[in-house]
$ cat model.txt   # compact mmCIF, C-alpha atoms
# COMPACT_ATOMS: atom_id res chain seq x y z
CA MET N 1 21.21 117.45 196.37
CA ASN N 2 22.83 116.69 193.03
CA LEU N 3 22.71 119.47 190.53
CA GLU N 4 21.68 117.07 187.78
CA ASP N 5 18.54 116.25 189.80
CA ARG N 6 17.33 119.81 189.46
CA ASP N 7 14.95 121.03 186.82
CA PRO N 8 14.64 124.71 185.81
CA MET N 9 11.94 125.24 188.42
CA ASP N 10 14.31 123.99 191.12
CA GLU N 11 16.99 126.38 189.96
CA LEU N 12 14.56 129.26 189.91
CA LEU N 13 13.43 128.40 193.42
CA CYS N 14 17.00 128.21 194.70
CA GLU N 15 17.92 131.51 193.14
CA THR N 16 14.82 133.27 194.42
CA LEU N 17 15.31 132.03 197.96
CA ARG N 18 18.99 132.97 197.90
CA GLN N 19 18.08 136.44 196.71
CA ASP N 20 15.56 136.76 199.53
CA VAL N 21 18.22 136.04 202.13
CA ALA N 22 20.91 138.05 200.37
CA SER N 23 18.68 141.11 200.30
CA ALA N 24 18.45 140.93 204.10
CA ALA N 25 22.22 140.70 204.56
CA GLY N 26 22.45 144.26 205.88
CA SER N 27 20.01 143.80 208.70
CA LEU N 28 21.33 140.35 209.52
CA GLN N 29 24.85 141.68 209.91
CA ALA N 30 24.53 142.44 213.60
CA LEU N 31 22.28 139.53 214.47
CA GLU N 32 24.92 137.80 216.57
CA GLU N 33 25.44 141.00 218.54
CA ARG N 34 21.73 141.28 219.22
CA VAL N 35 21.61 137.66 220.30
CA LEU N 36 24.55 138.09 222.67
CA GLU N 37 23.07 141.28 224.04
CA ARG N 38 19.86 139.46 224.85
CA LEU N 39 21.75 136.63 226.47
CA GLY N 40 23.84 138.91 228.66
CA ASP N 41 25.59 136.75 231.22
CA ARG N 42 23.02 133.98 231.16
CA LEU N 43 24.36 130.48 231.01
CA PRO N 44 22.72 127.55 229.25
CA ARG N 45 19.99 126.00 231.36
CA ARG N 46 20.17 122.61 232.95
CA GLY N 47 18.48 119.76 231.15
CA LEU N 48 15.35 118.01 232.33
CA TRP N 49 17.30 115.68 234.62
CA GLY N 50 19.03 118.64 236.22
CA SER N 51 15.70 120.32 236.75
CA LEU N 52 14.23 117.21 238.34
CA ARG N 53 17.19 117.00 240.66
CA SER N 54 16.73 120.64 241.56
CA MET N 55 13.11 119.89 242.42
CA ALA N 56 14.26 117.19 244.79
CA ALA N 57 16.98 119.33 246.30
CA PRO N 58 15.91 122.05 248.72
CA THR N 59 16.97 124.95 246.52
CA ARG N 60 15.02 128.17 246.30
CA SER N 61 13.85 127.64 242.71
CA GLY N 62 12.90 124.00 243.33
CA ARG N 63 10.91 124.93 246.39
CA ARG N 64 9.17 127.70 244.51
CA ALA N 65 8.12 125.34 241.75
CA GLN N 66 6.85 122.83 244.32
CA LEU N 67 4.92 125.52 246.18
CA VAL N 68 3.38 126.90 243.00
CA PHE N 69 2.32 123.44 241.92
CA VAL N 70 0.79 122.55 245.29
CA GLY N 71 -0.81 125.98 245.58
CA ALA N 72 -2.40 125.83 242.14
CA THR N 73 -3.75 122.36 242.82
CA ALA N 74 -5.20 123.38 246.18
CA ALA N 75 -6.71 126.55 244.72
CA ALA N 76 -8.36 124.55 241.97
CA CYS N 77 -9.85 122.04 244.39
CA VAL N 78 -11.16 124.71 246.77
CA ALA N 79 -12.57 126.79 243.95
CA LEU N 80 -14.29 123.85 242.33
CA GLY N 81 -15.68 122.74 245.67
CA LEU N 82 -17.06 126.19 246.38
CA PHE N 83 -18.68 126.41 243.02
CA LEU N 84 -20.23 122.96 243.04
CA GLY N 85 -21.53 123.63 246.55
CA GLY N 86 -23.49 126.56 245.18
CA ARG N 87 -21.66 129.15 247.24
CA LEU N 88 -20.80 131.21 244.23
CA PRO N 89 -23.47 132.72 242.04
CA SER N 90 -23.86 130.59 238.94
CA ALA N 91 -24.59 133.54 236.70
CA GLN N 92 -21.24 135.20 237.21
CA PRO N 93 -20.16 136.76 233.97
CA ALA N 94 -17.52 134.75 232.19
CA GLU N 95 -15.53 137.73 231.35
CA PRO N 96 -12.07 136.51 231.05
CA VAL N 97 -12.51 138.32 227.77
CA LEU N 98 -11.83 141.45 229.69
CA LEU N 99 -8.23 140.50 229.23
CA GLY N 100 -8.60 139.50 225.61
CA GLY N 101 -7.89 141.77 222.70
CA ALA N 102 -5.26 144.15 224.01
CA PRO N 103 -2.71 142.50 226.27
CA ALA N 104 -3.35 143.20 229.93
CA PRO N 105 -0.36 144.50 231.81
CA ALA N 106 -0.51 142.46 234.99
CA ARG N 107 -2.20 139.68 236.93
CA SER N 108 -4.11 142.19 239.01
CA ALA N 109 -6.28 142.97 236.02
CA SER N 110 -8.22 139.77 236.65
CA THR N 111 -11.18 139.57 238.98
CA PRO N 112 -11.08 137.79 242.34
CA MET N 113 -13.44 135.19 240.97
CA MET N 114 -11.13 134.48 238.12
CA LYS N 115 -8.28 134.09 240.54
CA SER N 116 -10.13 131.56 242.57
CA MET N 117 -11.75 129.69 239.76
CA THR N 118 -9.19 129.44 237.04
CA ALA N 119 -6.68 126.75 237.62
CA GLN N 120 -4.96 123.75 236.25
CA ALA N 121 -4.81 120.87 238.63
CA ALA N 122 -2.91 117.63 238.40
CA VAL N 123 -5.38 114.78 238.02
CA GLY N 124 -4.04 111.25 237.86
CA ASN N 125 -1.59 111.21 234.99
CA GLY N 126 -3.11 114.28 233.40
CA VAL N 127 -3.31 117.97 234.06
CA LEU N 128 -6.76 119.43 234.36
CA PHE N 129 -7.28 122.85 232.84
CA ILE N 130 -10.29 124.64 234.32
CA LEU N 131 -11.80 127.89 233.16
CA PRO N 132 -15.02 129.48 234.41
CA ALA N 133 -16.73 131.13 231.46
CA PRO N 134 -20.52 130.95 231.97
CA ASN N 135 -21.39 133.02 228.93
CA ALA N 136 -18.94 131.49 226.53
CA ARG N 137 -20.11 129.46 223.59
CA VAL N 138 -16.80 127.85 222.59
CA VAL N 139 -13.71 127.56 224.73
CA SER N 140 -10.51 125.93 223.65
CA LEU N 141 -7.01 125.54 224.92
CA VAL N 142 -3.94 126.14 222.79
CA GLY N 143 -0.40 125.52 223.90
CA SER N 144 3.06 124.34 223.18
CA PHE N 145 1.89 120.83 224.12
CA SER N 146 -0.50 120.81 221.15
CA GLU N 147 1.64 122.70 218.66
CA TRP N 148 -0.83 125.53 219.33
CA GLU N 149 -3.65 123.59 217.75
CA PRO N 150 -6.92 124.24 219.61
CA ILE N 151 -8.11 121.58 222.02
CA PRO N 152 -11.77 122.04 222.91
CA LEU N 153 -12.74 122.42 226.54
CA SER N 154 -16.05 120.89 227.51
CA ASP N 155 -18.86 121.98 229.76
CA ASP N 156 -21.18 118.97 229.67
CA ASP N 157 -23.34 120.00 232.62
CA ARG N 158 -23.58 123.58 231.37
CA ASP N 159 -22.53 125.09 234.67
CA GLY N 160 -20.14 127.47 232.99
CA ILE N 161 -17.03 125.61 234.11
CA TRP N 162 -15.04 124.50 231.11
CA THR N 163 -12.50 121.76 231.53
CA ALA N 164 -9.99 119.73 229.58
CA GLU N 165 -7.62 117.13 230.86
CA MET N 166 -4.24 116.79 229.20
CA PRO N 167 -1.74 114.01 229.81
CA LEU N 168 1.47 116.03 230.08
CA PRO N 169 4.94 114.74 230.89
CA PRO N 170 7.10 116.91 233.15
CA GLY N 171 8.13 120.11 231.46
CA ARG N 172 7.43 123.73 230.90
CA TYR N 173 4.39 124.56 228.82
CA GLU N 174 3.10 127.79 227.38
CA TYR N 175 -0.62 128.00 226.81
CA ALA N 176 -3.63 130.24 226.44
CA PHE N 177 -7.39 129.88 226.32
CA ILE N 178 -9.45 130.97 223.35
CA ILE N 179 -12.90 132.07 224.37
CA ASP N 180 -15.31 132.59 221.51
CA GLY N 181 -12.40 133.29 219.24
CA ARG N 182 -10.66 135.68 221.60
CA TRP N 183 -7.25 135.10 223.07
CA PHE N 184 -7.07 134.85 226.85
CA GLY N 185 -3.43 134.44 227.73
CA GLN N 186 -3.25 135.47 231.37
CA ASP N 187 -4.57 132.62 233.41
CA PRO N 188 -4.45 134.05 236.96
CA SER N 189 -3.21 130.81 238.42
CA ALA N 190 -0.42 130.30 235.91
CA ASP N 191 3.08 129.78 237.20
CA ASP N 192 4.40 132.50 234.98
CA TYR N 193 3.64 134.56 231.92
CA VAL N 194 5.51 135.28 228.76
CA LYS N 195 4.86 138.04 226.32
CA SER N 196 5.68 137.37 222.74
CA PHE N 197 4.51 139.16 219.64
CA GLY N 198 2.66 141.64 221.82
CA GLU N 199 0.46 139.04 223.48
CA TYR N 200 0.62 137.22 226.78
CA SER N 201 0.64 133.48 227.21
CA SER N 202 0.52 131.59 230.47
CA VAL N 203 3.26 129.25 231.58
CA ARG N 204 2.71 126.03 233.43
CA TYR N 205 5.42 123.89 234.99
CA VAL N 206 4.48 120.25 235.27
CA GLY N 207 6.52 118.06 237.57
CA GLY N 208 9.16 120.70 238.01
CA GLY N 209 10.18 120.82 234.35
CA GLY N 210 11.47 124.22 233.47
CA ASP N 211 13.59 124.03 230.41
CA GLY N 212 11.21 123.92 227.49
CA ALA N 213 12.61 125.43 224.35
CA MET X 1 45.97 138.20 227.76
CA SER X 2 43.94 138.10 224.58
CA THR X 3 41.72 140.88 223.37
CA GLU X 4 38.13 140.39 222.23
CA GLU X 5 39.28 140.74 218.65
CA ASP X 6 41.84 137.98 219.14
CA ASP X 7 39.12 135.80 220.61
CA GLY X 8 37.01 136.39 217.53
CA ILE X 9 39.83 135.26 215.27
CA VAL X 10 40.43 132.18 217.41
CA TYR X 11 36.76 131.24 217.28
CA ARG X 12 36.57 131.72 213.54
CA THR X 13 39.10 128.97 213.03
CA GLN X 14 37.51 126.52 215.44
CA ASP X 15 35.32 123.58 214.53
CA GLU X 16 31.72 123.46 215.63
CA VAL X 17 32.10 121.00 218.45
CA SER X 18 34.84 123.09 220.06
CA LEU X 19 32.69 126.17 219.72
CA LEU X 20 29.71 124.43 221.27
CA ARG X 21 31.82 123.15 224.14
CA ALA X 22 33.16 126.65 224.73
CA ALA X 23 29.64 128.06 224.59
CA LEU X 24 28.50 125.47 227.12
CA GLU X 25 31.18 126.70 229.45
CA GLY X 26 29.69 130.15 229.21
CA GLU X 27 31.87 131.68 226.50
CA THR X 28 29.18 133.61 224.74
CA ALA X 29 31.59 134.85 222.07
CA ALA X 30 31.85 131.26 220.88
CA TRP X 31 28.09 131.23 220.56
CA GLY X 32 28.33 134.48 218.61
CA GLU X 33 30.51 132.66 216.09
CA MET X 34 27.94 129.88 215.80
CA VAL X 35 25.23 132.47 215.20
CA MET X 36 27.38 134.06 212.51
CA ARG X 37 27.80 130.74 210.76
CA TYR X 38 24.14 129.77 210.80
CA LYS X 39 22.22 133.02 210.74
CA ASP X 40 21.62 133.03 206.98
CA ALA X 41 20.39 129.46 206.99
CA VAL X 42 18.09 130.00 209.97
CA PHE X 43 16.81 133.27 208.57
CA GLY X 44 16.15 131.59 205.21
CA LEU X 45 14.12 128.91 206.92
CA CYS X 46 12.15 131.49 208.90
CA LEU X 47 11.51 133.54 205.80
CA GLY X 48 10.28 130.41 204.06
CA PHE X 49 7.82 129.83 206.86
CA LEU X 50 6.66 133.36 207.48
CA ARG X 51 7.24 135.21 204.19
CA ASN X 52 7.87 138.40 206.10
CA ARG X 53 11.36 139.71 206.62
CA ALA X 54 10.86 141.52 209.91
CA ASP X 55 9.13 138.50 211.44
CA ALA X 56 11.81 136.18 210.11
CA GLU X 57 14.54 138.28 211.69
CA ASP X 58 12.77 138.30 215.04
CA ILE X 59 12.25 134.58 215.03
CA ALA X 60 15.80 133.85 213.87
CA GLN X 61 17.12 135.92 216.76
CA ASP X 62 14.79 134.21 219.19
CA ALA X 63 15.82 130.79 217.89
CA PHE X 64 19.48 131.45 218.65
CA VAL X 65 18.67 132.78 222.11
CA ARG X 66 16.54 129.73 222.92
CA ALA X 67 19.07 127.37 221.43
CA TYR X 68 21.78 128.79 223.65
CA LEU X 69 19.65 128.65 226.76
CA ASN X 70 18.87 125.01 226.02
CA LEU X 71 22.32 124.09 224.85
CA ARG X 72 22.78 121.55 227.63
CA ARG X 73 20.02 119.51 226.06
CA TYR X 74 21.80 119.36 222.75
CA ASN X 75 23.46 116.10 221.91
CA LEU X 76 26.86 116.93 220.43
CA GLU X 77 26.63 113.87 218.20
CA ARG X 78 23.57 115.25 216.50
CA LYS X 79 23.86 117.61 213.58
CA PHE X 80 23.74 121.14 214.96
CA SER X 81 21.91 122.57 211.96
CA THR X 82 19.05 120.10 212.35
CA TRP X 83 18.69 120.99 216.00
CA VAL X 84 18.69 124.75 215.56
CA PHE X 85 16.41 124.47 212.51
CA THR X 86 13.96 122.46 214.60
CA ILE X 87 13.86 125.17 217.25
CA ALA X 88 13.38 127.83 214.57
CA ALA X 89 10.65 125.81 212.84
CA ASN X 90 8.75 125.41 216.12
CA LEU X 91 8.98 129.12 216.80
CA CYS X 92 7.77 129.87 213.28
CA ARG X 93 4.83 127.53 213.74
CA ASN X 94 3.91 129.31 216.96
CA ARG X 95 4.10 132.60 215.14
CA LEU X 96 1.84 131.35 212.36
CA ARG X 97 -0.67 130.07 214.91
CA TYR X 98 -0.57 133.42 216.60
CA ARG X 99 -1.30 135.10 213.32
CA ARG X 100 -4.21 132.78 212.70
CA ASN X 101 -5.77 133.86 215.98
CA HIS X 102 -5.05 137.50 215.30
CA PRO X 103 -6.50 138.28 211.91
CA VAL X 104 -6.29 142.04 212.40
CA MET X 105 -2.56 141.82 212.90
CA GLU X 106 -2.26 139.72 209.78
CA VAL X 107 -3.42 142.62 207.67
CA ASP X 108 -0.53 144.64 209.07
CA TYR X 109 1.94 141.90 208.26
CA GLU X 110 0.63 141.66 204.76
CA PHE X 111 1.12 145.36 204.37
CA GLU X 112 4.66 145.06 205.67
CA GLY X 113 5.24 142.19 203.28
CA GLY X 114 4.05 144.32 200.39
CA ALA X 115 6.62 146.96 201.19
CA ASP X 116 9.38 144.44 201.70
CA PRO X 117 12.53 145.84 200.13
CA ALA X 118 13.38 142.31 199.06
CA ARG X 119 10.59 142.60 196.55
CA MET X 120 11.48 146.10 195.52
CA VAL X 121 15.03 145.17 194.71
CA ALA X 122 14.15 141.95 192.95
CA ARG X 123 16.31 141.85 189.90
CA GLU X 124 14.29 139.67 187.70
CA GLU X 125 10.62 139.63 187.05
CA ARG X 126 10.40 135.88 187.18
CA GLU X 127 11.90 135.86 190.65
CA VAL X 128 9.23 138.26 191.78
CA ARG X 129 6.63 135.95 190.29
CA VAL X 130 8.11 132.93 192.05
CA ARG X 131 8.20 134.88 195.29
CA GLU X 132 4.56 135.81 194.97
CA ALA X 133 3.64 132.26 194.07
CA LEU X 134 5.54 131.05 197.16
CA ASP X 135 3.52 133.50 199.25
CA GLY X 136 0.37 131.89 197.90
CA LEU X 137 1.41 128.37 198.88
CA PRO X 138 0.19 126.90 202.18
CA TYR X 139 3.13 126.82 204.56
CA ALA X 140 2.88 123.04 204.89
CA TYR X 141 4.04 122.89 201.25
CA ARG X 142 6.19 125.97 201.19
CA THR X 143 8.43 125.05 204.10
CA PRO X 144 9.65 121.69 202.79
CA LEU X 145 10.47 123.44 199.51
CA VAL X 146 12.55 126.04 201.32
CA LEU X 147 14.37 123.47 203.43
CA ARG X 148 15.11 121.46 200.31
CA PHE X 149 16.03 124.19 197.87
CA TYR X 150 17.49 126.84 200.12
CA ASN X 151 18.85 124.92 203.09
CA ASP X 152 19.76 121.98 200.84
CA LEU X 153 18.64 119.35 203.35
CA SER X 154 17.83 115.71 202.80
CA TYR X 155 14.27 114.42 202.99
CA LYS X 156 15.10 112.75 206.27
CA GLU X 157 16.46 115.95 207.82
CA ILE X 158 13.43 117.88 206.64
CA GLY X 159 11.18 115.22 208.15
CA ASP X 160 13.04 115.44 211.47
CA ILE X 161 12.75 119.22 211.56
CA LEU X 162 9.09 119.37 210.60
CA ALA X 163 8.15 116.24 212.56
CA ILE X 164 6.62 114.54 209.56
CA PRO X 165 7.49 111.21 207.88
CA GLU X 166 10.03 111.20 205.07
CA GLY X 167 7.37 110.02 202.62
CA THR X 168 5.21 113.00 203.49
CA VAL X 169 8.17 115.31 202.87
CA LYS X 170 8.61 113.87 199.36
CA THR X 171 4.89 114.18 198.65
CA ARG X 172 4.77 117.76 199.89
CA ILE X 173 7.79 118.78 197.85
CA HIS X 174 6.34 117.18 194.76
CA ARG X 175 2.90 118.69 195.30
CA GLY X 176 4.37 122.02 196.36
CA LYS X 177 6.29 122.29 193.12
CA ALA X 178 3.21 121.32 191.13
CA MET X 179 1.15 123.96 192.93
CA LEU X 180 3.86 126.52 192.35
CA LYS X 181 3.93 125.76 188.63
CA GLU X 182 0.17 126.00 188.49
CA LEU X 183 0.20 129.37 190.23
CA LEU X 184 2.88 130.66 187.88
CA ASP X 185 0.99 129.41 184.82
CA LYS X 186 -2.21 131.03 186.00
CA GLU X 187 -0.43 134.29 186.55
CA ARG X 188 1.18 134.12 183.12
CA GLU X 189 -2.18 133.47 181.50
CA SER X 190 -3.83 136.38 183.24
CA ALA X 191 -0.96 138.73 182.37
$ encode --input "model.txt" --output "structure tokens"
Amino acid sequence: MNLEDRDPMDELLCETLRQDVASAAGSLQALEERVLERLGDRLPRRGLWGSLRSMAAPTRSGRRAQLVFVGATAAACVALGLFLGGRLPSAQPAEPVLLGGAPAPARSASTPMMKSMTAQAAVGNGVLFILPAPNARVVSLVGSFSEWEPIPLSDDDRDGIWTAEMPLPPGRYEYAFIIDGRWFGQDPSADDYVKSFGEYSSVRYVGGGGDGA
Amino acid sequence: MSTEEDDGIVYRTQDEVSLLRAALEGETAAWGEMVMRYKDAVFGLCLGFLRNRADAEDIAQDAFVRAYLNLRRYNLERKFSTWVFTIAANLCRNRLRYRRNHPVMEVDYEFEGGADPARMVAREEREVRVREALDGLPYAYRTPLVLRFYNDLSYKEIGDILAIPEGTVKTRIHRGKAMLKELLDKERESA
């Protein structure tokens, strides 16, 4: 930007922002060391094409991703079938909120029902997110695919099963449910979990993608 | 055989593309040099988004880690700063969303912000006022201002990083400055 384009307000802004960064110089000094420490011996990941090839090739990680995907889809279908067939009590408490608030330490904190009922299944070109929450009033989905903007889940037949279908290209997605304003980040059927800022989010691999930034 | 210190000197004289190629081959020290070159700029961007120094440091660190892990996706013909800024901006947005869903935590951050040494050591009163006015701006307006006036980026680059059209960038910068002036005037009147 040309200096002559700047008015006094611009100059003041520049100076203030520079001061902000300059005042942090001490703590930024070792940033590169902290970054390298976190990286350890890890190498840059393959790109999307490399990941797709690894899905096709019979490697351990590719097979795992395939199995997780097939398993999650099957679990979702079976669970939905059971529920719609009336074999599960319809008044089951929705209490995924038991994991909300403070971050739960592990998958085992969820109930068996949650394990069987919560899933994301591939449907046509989209991915179906399913959450049983009979007592919930509002359920939404937030994730890296929506810039963490809430996407409402619907329960049109009021059976307590909330769903949303998302058209997602292959990739790795982080997501969580928000149930009546409370964060529910540990979907039992997620492929993986990440903990950032003291809170869990679920991770979903679609089509074998695994390199999301 | 070269020592680590020698390596550091070698890297310091290398151009970015050579460093990135070396980093891609697993030479993390080359990545360390890239971090050194861009850490202030990335931190400045994060601070502009988050207005909290501790958070900005965390996110800046995370951005460099993620950038390295995804380095194979980076197109060497693209400007590196735009790419790493985009990663940092996305991480900042996630952080802001997280804060929105965690209002209790936000109180803590505000408290931290209030004790930020950056404010305590502010040399000039008007800078403190500008800083406070910046805090009061919605981030949608604040961030383009930071990218423009701290990172010195073009409207197009800002648009690429924030995923908004160039015209919107211009509007937000214009409106952001107007809002900032208004906030400063109000504060002056009440003082």
$ residues_around --input "model.txt" --residues "Ala63 in chain X" --least-positions-apart "5" --cutoff "8 Å" --atoms "all atoms listed in the file" --output "MDAnalysis selection string"
chainID X and resid 84 87:88 91
$ closest_atom_pairs --input "model.txt" --of "chain X" --to "chain N" --cutoff "7 Å" --atoms "only C-alpha atoms" --output "tab-separated table"
residue	atom	partner	partner_atom	distance
X:Leu24	CA	N:Pro44	CA	6.5
X:Gly26	CA	N:Leu43	CA	5.6
X:Thr28	CA	N:Leu36	CA	6.8
X:Gly32	CA	N:Glu32	CA	5.2
X:Val35	CA	N:Glu32	CA	5.5
X:Met36	CA	N:Glu32	CA	6.0
X:Asp40	CA	N:Val21	CA	6.6
X:Gly44	CA	N:Val21	CA	5.8
X:Gln61	CA	N:Val35	CA	6.0
X:Phe64	CA	N:Val35	CA	6.8
X:Val65	CA	N:Val35	CA	6.0
X:Arg66	CA	N:Ala213	CA	6.0
X:Tyr68	CA	N:Pro44	CA	5.8
X:Leu69	CA	N:Pro44	CA	4.1
X:Asn70	CA	N:Arg45	CA	5.5
X:Leu71	CA	N:Pro44	CA	5.6
X:Arg72	CA	N:Gly47	CA	5.8
X:Arg73	CA	N:Gly47	CA	5.3
X:Asn94	CA	N:Trp148	CA	6.5
X:Arg97	CA	N:Trp148	CA	6.3
X:Ala118	CA	N:Ser23	CA	5.6
X:Glu127	CA	N:Thr16	CA	5.4
X:Arg131	CA	N:Thr16	CA	6.9
X:Phe149	CA	N:Cys14	CA	5.2
X:Tyr150	CA	N:Cys14	CA	5.6
X:Asp152	CA	N:Met1	CA	6.5
$ write_last_selection --input "model.txt" --atoms "C-alpha atoms" --output "PDB file, in the coordinates of the input"
ATOM      1  CA  LEU X  24      28.500 125.470 227.120  1.00  0.00           C
ATOM      2  CA  GLY X  26      29.690 130.150 229.210  1.00  0.00           C
ATOM      3  CA  THR X  28      29.180 133.610 224.740  1.00  0.00           C
ATOM      4  CA  GLY X  32      28.330 134.480 218.610  1.00  0.00           C
ATOM      5  CA  VAL X  35      25.230 132.470 215.200  1.00  0.00           C
ATOM      6  CA  MET X  36      27.380 134.060 212.510  1.00  0.00           C
ATOM      7  CA  ASP X  40      21.620 133.030 206.980  1.00  0.00           C
ATOM      8  CA  GLY X  44      16.150 131.590 205.210  1.00  0.00           C
ATOM      9  CA  GLN X  61      17.120 135.920 216.760  1.00  0.00           C
ATOM     10  CA  PHE X  64      19.480 131.450 218.650  1.00  0.00           C
ATOM     11  CA  VAL X  65      18.670 132.780 222.110  1.00  0.00           C
ATOM     12  CA  ARG X  66      16.540 129.730 222.920  1.00  0.00           C
ATOM     13  CA  TYR X  68      21.780 128.790 223.650  1.00  0.00           C
ATOM     14  CA  LEU X  69      19.650 128.650 226.760  1.00  0.00           C
ATOM     15  CA  ASN X  70      18.870 125.010 226.020  1.00  0.00           C
ATOM     16  CA  LEU X  71      22.320 124.090 224.850  1.00  0.00           C
ATOM     17  CA  ARG X  72      22.780 121.550 227.630  1.00  0.00           C
ATOM     18  CA  ARG X  73      20.020 119.510 226.060  1.00  0.00           C
ATOM     19  CA  ASN X  94       3.910 129.310 216.960  1.00  0.00           C
ATOM     20  CA  ARG X  97      -0.670 130.070 214.910  1.00  0.00           C
ATOM     21  CA  ALA X 118      13.380 142.310 199.060  1.00  0.00           C
ATOM     22  CA  GLU X 127      11.900 135.860 190.650  1.00  0.00           C
ATOM     23  CA  ARG X 131       8.200 134.880 195.290  1.00  0.00           C
ATOM     24  CA  PHE X 149      16.030 124.190 197.870  1.00  0.00           C
ATOM     25  CA  TYR X 150      17.490 126.840 200.120  1.00  0.00           C
ATOM     26  CA  ASP X 152      19.760 121.980 200.840  1.00  0.00           C
TER      27      ASP X 152
END
$ closest_residue --input "model.txt" --among "N:Val139, N:Val206, N:Ala133, N:Ile161" --to "Asp180 in chain N" --atoms "all atoms listed in the file"
N:Val139
$ atom_distance --input "model.txt" --atom1 "CA of Arg12 in chain X" --atom2 "CA of Lys39 in chain X"
14.7 Å
$ atom_distance --input "model.txt" --atom1 "CA of Leu137 in chain X" --atom2 "CA of Ser146 in chain N"
23.6 Å
$ axis_aligned_box --input "model.txt" --around "range 163-171 of chain X" --padding-each-side "8 Å" --output "JSON"
{"center_x": 7.5, "center_y": 113.1, "center_z": 205.6, "size_x": 21.1, "size_y": 22.2, "size_z": 29.9}
